[in-house]
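Below is model14.txt, holding compact mmCIF, C-alpha atoms.
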# COMPACT_ATOMS: atom_id res chain seq x y z
CA MET N 1 88.92 106.53 80.59
CA PHE N 2 86.88 106.92 83.78
CA LYS N 3 84.25 104.44 82.51
CA HIS N 4 86.97 101.86 81.88
CA VAL N 5 88.46 102.31 85.35
CA LEU N 6 85.05 102.06 87.02
CA LEU N 7 84.08 98.94 85.06
CA PHE N 8 87.46 97.33 85.76
CA THR N 9 87.18 98.09 89.50
CA LEU N 10 83.67 96.67 89.80
CA LEU N 11 84.61 93.52 87.87
CA MET N 12 87.75 92.82 89.91
CA THR N 13 86.03 93.59 93.22
CA THR N 14 83.29 91.08 92.37
CA ILE N 15 85.74 88.39 91.28
CA PHE N 16 87.97 88.64 94.34
CA SER N 17 85.36 89.42 96.99
CA ASN N 18 84.72 85.77 97.89
CA GLN N 19 87.11 85.12 100.75
CA VAL N 20 87.56 81.79 102.51
CA GLU N 21 85.85 82.28 105.86
CA ASP N 22 88.62 80.68 107.93
CA THR N 23 91.42 82.73 106.35
CA GLU N 24 92.52 85.83 108.22
CA THR N 25 92.91 88.86 105.93
CA PHE N 26 94.80 92.07 106.55
CA SER N 27 93.72 95.27 104.78
CA PHE N 28 96.32 97.87 103.89
CA ALA N 29 96.74 101.24 102.20
CA GLY N 30 99.94 102.78 100.99
CA LEU N 31 102.04 104.95 98.75
CA THR N 32 104.30 103.88 95.89
CA ALA N 33 106.96 105.40 93.65
CA THR N 34 107.85 103.73 90.36
CA GLY N 35 110.69 104.32 87.94
CA SER N 36 109.80 102.88 84.53
CA LYS N 37 111.08 102.74 81.00
CA VAL N 38 108.51 102.74 78.18
CA ASP N 39 109.77 100.86 75.11
CA PHE N 40 108.51 101.55 71.60
CA LYS N 41 108.19 99.00 68.81
CA GLY N 42 111.27 98.58 66.55
CA THR N 43 109.79 100.35 63.51
CA SER N 44 109.18 103.54 65.45
CA ASN N 45 111.57 106.48 65.17
CA LEU N 46 110.69 107.44 68.76
CA THR N 47 113.22 106.96 71.51
CA ASP N 48 112.35 105.04 74.66
CA SER N 49 111.12 107.26 77.47
CA LYS N 50 111.63 107.10 81.22
CA ASN N 51 108.81 107.80 83.67
CA THR N 52 108.63 108.33 87.39
CA LEU N 53 105.13 107.76 88.75
CA VAL N 54 103.73 108.16 92.25
CA GLY N 55 100.60 106.42 93.38
CA LEU N 56 98.14 105.22 95.98
CA ARG N 57 97.52 101.57 96.84
CA TYR N 58 94.78 99.61 98.52
CA GLY N 59 94.80 95.88 99.09
CA GLN N 60 94.22 92.84 101.21
CA GLN N 61 96.70 90.18 102.20
CA THR N 62 96.61 86.73 103.74
CA VAL N 63 99.58 84.65 104.82
CA ASP N 64 100.02 83.30 101.27
CA TRP N 65 98.31 85.78 98.88
CA ARG N 66 98.02 89.51 98.27
CA THR N 67 95.58 91.42 96.04
CA MET N 68 96.30 95.08 95.42
CA PHE N 69 94.86 98.00 93.43
CA THR N 70 97.23 100.83 92.47
CA LEU N 71 96.35 104.18 90.93
CA SER N 72 99.51 106.01 89.85
CA GLY N 73 100.55 108.68 87.44
CA LYS N 74 101.76 112.11 86.55
CA LYS N 75 100.60 114.64 83.98
CA GLU N 76 101.40 112.56 80.85
CA THR N 77 100.89 109.01 82.14
CA GLN N 78 98.28 107.37 84.36
CA GLU N 79 97.94 103.69 85.30
CA PHE N 80 95.24 101.74 87.12
CA THR N 81 96.62 98.33 88.08
CA LEU N 82 95.39 95.14 89.70
CA GLU N 83 98.16 92.90 91.02
CA ILE N 84 97.74 89.43 92.52
CA ASP N 85 100.83 88.11 94.30
CA LYS N 86 101.76 84.70 95.65
CA ILE N 87 103.94 85.12 98.72
CA LEU N 88 106.70 82.53 98.65
CA MET N 89 108.67 80.81 101.38
CA ASP N 90 108.50 82.95 104.50
CA ASP N 91 111.83 81.84 105.90
CA ILE N 92 113.84 81.82 102.64
CA PHE N 93 116.58 83.96 104.19
CA GLY N 94 116.08 82.80 107.77
CA TYR N 95 114.27 86.08 108.52
CA PRO N 96 110.46 85.97 108.70
CA GLU N 97 110.44 89.76 108.21
CA VAL N 98 111.58 89.32 104.57
CA ARG N 99 109.08 87.63 102.25
CA PRO N 100 109.66 87.22 98.49
CA TYR N 101 106.71 87.10 96.07
CA LEU N 102 105.76 86.55 92.42
CA GLY N 103 102.81 88.37 90.92
CA ALA N 104 100.56 88.80 87.90
CA THR N 105 99.44 92.26 86.80
CA ILE N 106 96.69 93.65 84.57
CA GLY N 107 95.72 97.26 84.11
CA ILE N 108 94.63 100.27 82.11
CA LEU N 109 97.11 102.83 80.76
CA HIS N 110 96.61 106.41 79.60
CA TYR N 111 99.68 107.82 77.82
CA GLU N 112 100.42 111.20 76.24
CA ASP N 113 103.57 112.15 74.35
CA ALA N 114 104.54 115.18 72.27
CA ALA N 115 105.13 112.90 69.26
CA LEU N 116 101.97 110.81 69.87
CA THR N 117 98.35 111.63 70.26
CA GLU N 118 96.61 110.88 73.51
CA GLU N 119 96.14 107.09 73.83
CA ASP N 120 94.32 104.65 76.10
CA GLY N 121 95.05 100.93 76.23
CA TYR N 122 95.66 98.05 78.55
CA PHE N 123 98.57 95.94 79.73
CA PHE N 124 99.35 92.66 81.43
CA GLY N 125 102.53 91.32 82.91
CA GLY N 126 104.37 90.09 85.93
CA ALA N 127 106.24 91.27 88.98
CA PHE N 128 108.57 89.91 91.59
CA GLY N 129 109.77 91.49 94.76
CA PHE N 130 110.24 91.43 98.51
CA LEU N 131 108.01 92.45 101.39
CA ILE N 132 110.06 93.70 104.32
CA TYR N 133 108.16 94.14 107.57
CA LEU N 134 109.42 97.26 109.35
CA THR N 135 106.90 97.06 112.22
CA ASP N 136 103.74 95.07 112.98
CA ASN N 137 101.68 97.57 110.94
CA ILE N 138 104.10 98.83 108.27
CA ASP N 139 105.87 97.02 105.45
CA LEU N 140 108.21 98.05 102.66
CA ASP N 141 107.57 96.58 99.18
CA ILE N 142 110.49 96.54 96.72
CA SER N 143 109.66 95.08 93.29
CA TYR N 144 110.50 94.81 89.60
CA HIS N 145 107.74 94.71 86.99
CA TYR N 146 107.32 94.00 83.29
CA LYS N 147 104.10 94.98 81.51
CA LYS N 148 103.22 94.15 77.88
CA ILE N 149 101.16 96.98 76.34
CA LYS N 150 98.24 96.20 74.02
CA ASP N 151 96.22 98.44 71.68
CA MET N 152 98.62 101.40 71.85
CA GLU N 153 100.79 101.72 68.76
CA PRO N 154 103.80 102.19 68.79
CA LEU N 155 104.20 101.44 72.55
CA SER N 156 105.56 97.97 73.30
CA ASN N 157 106.18 97.44 77.03
CA ILE N 158 106.91 99.05 80.37
CA ARG N 159 109.59 97.77 82.73
CA GLY N 160 110.99 99.14 85.93
CA ALA N 161 111.24 99.09 89.69
CA SER N 162 108.88 100.21 92.45
CA ILE N 163 109.12 100.94 96.12
CA GLY N 164 106.04 101.10 98.29
CA VAL N 165 105.16 101.63 101.93
CA HIS N 166 101.97 100.02 103.28
CA TYR N 167 100.08 100.56 106.52
CA PHE N 168 98.00 97.60 107.77
CA TYR N 169 94.81 98.46 109.63
Rewrite the structure of this file - the entire thing - as structure tokens.
Amino acid sequence: MFKHVLLFTLLMTTIFSNQVEDTETFSFAGLTATGSKVDFKGTSNLTDSKNTLVGLRYGQQTVDWRTMFTLSGKKETQEFTLEIDKILMDDIFGYPEVRPYLGATIGILHYEDAALTEEDGYFFGGAFGFLIYLTDNIDLDISYHYKKIKDMEPLSNIRGASIGVHYFY
């Protein structure tokens, strides 16, 4: 699992390291809490399970885009996620402190269950949410995500909501 995470990190860092020189970027770090439901494929006799994960985030943001790495988990479940978000209309509600976004997500999942053996796989999906600026250096991120799981029978998808707090430095 560690080799996969390291390879994934190096690949994504290389791909997204080329920044436009005239674009101002803002680095941030933060904490997140996620409530998720893991769905199993229809032929399985397993019942869907609910997870609550806590995690650490690191990312960079411009006025229009955000790229973020998240490492989250608990004893049975760990996720390493890359999310790329397009920040939409700043003044959609007439408040520049509230910014909606749409995002694409890819990541690696490690899942253990009493009825399953230990499994590693990957997922891809989407997210939408709101960035709410509490101060000049702190924002609140409220989002919903859907992730399609691959290579992990009988798991099907993960869906749920997240709340995060980010500090810009």
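Here CA of Ser156 (chain N) stands at a distance of 9.7 Å from CA of Phe123 (chain N).
Checking N:Gly164, N:Gly59, N:Pro154, N:Gly125 one by one against Leu31 (chain N), counting all atoms listed in the file, you find the shortest gap at N:Gly164.
Note that the spacing between CA of Ser162 (chain N) and CA of Gly73 (chain N) amounts to 12.9 Å.
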- Which of N:Leu102, N:Thr62, N:Pro96, N:Gly107 sits closest to Thr81 (chain N) [using only C-alpha atoms]: N:Gly107
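Interatomic distance, CA of Arg159 (chain N) to CA of Val38 (chain N): 6.8 Å.
Among the candidate residues N:Lys74, N:Asp136, N:Asp141, N:Ile149, the one lying nearest to Ile106 (chain N) is N:Ile149, with distances computed using only C-alpha atoms.
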Would you mind listing what lies within 7 Å of Asp39 (chain N) as a PDB file with C-alpha atoms, in the frame of the given file, with only C-alpha atoms counted and same-chain residues fewer than 5 positions away left out?
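Generated file (out.pdb):
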ATOM      1  CA  ASP N  48     112.350 105.040  74.660  1.00  0.00           C
ATOM      2  CA  SER N  49     111.120 107.260  77.470  1.00  0.00           C
ATOM      3  CA  LEU N 155     104.200 101.440  72.550  1.00  0.00           C
ATOM      4  CA  SER N 156     105.560  97.970  73.300  1.00  0.00           C
ATOM      5  CA  ASN N 157     106.180  97.440  77.030  1.00  0.00           C
ATOM      6  CA  ILE N 158     106.910  99.050  80.370  1.00  0.00           C
TER       7      ILE N 158
END
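Here the question is which of N:Leu88, N:Ile142, N:Leu56, N:Val98 gets nearest to Phe28 (chain N) using only C-alpha atoms, and that residue is N:Leu56.
Distances here use only C-alpha atoms; by that measure, the residue among N:Leu109, N:Ala104, N:Leu82, N:Leu131 closest to Val63 (chain N) is N:Leu131.
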Quick one: residues within 9 Å of His166 (chain N), only C-alpha atoms, excluding same-chain residues fewer than 2 positions away - as an mmCIF file with C-alpha atoms, in the frame of the given file?
data_model
loop_
_atom_site.group_PDB
_atom_site.id
_atom_site.type_symbol
_atom_site.label_atom_id
_atom_site.label_comp_id
_atom_site.auth_asym_id
_atom_site.auth_seq_id
_atom_site.Cartn_x
_atom_site.Cartn_y
_atom_site.Cartn_z
ATOM 1 C CA PHE N 28 96.320 97.870 103.890
ATOM 2 C CA ALA N 29 96.740 101.240 102.200
ATOM 3 C CA GLY N 30 99.940 102.780 100.990
ATOM 4 C CA LEU N 31 102.040 104.950 98.750
ATOM 5 C CA THR N 32 104.300 103.880 95.890
ATOM 6 C CA ARG N 57 97.520 101.570 96.840
ATOM 7 C CA TYR N 58 94.780 99.610 98.520
ATOM 8 C CA ASN N 137 101.680 97.570 110.940
ATOM 9 C CA ILE N 138 104.100 98.830 108.270
ATOM 10 C CA ASP N 139 105.870 97.020 105.450
ATOM 11 C CA LEU N 140 108.210 98.050 102.660
ATOM 12 C CA ASP N 141 107.570 96.580 99.180
ATOM 13 C CA GLY N 164 106.040 101.100 98.290
ATOM 14 C CA PHE N 168 98.000 97.600 107.770
#
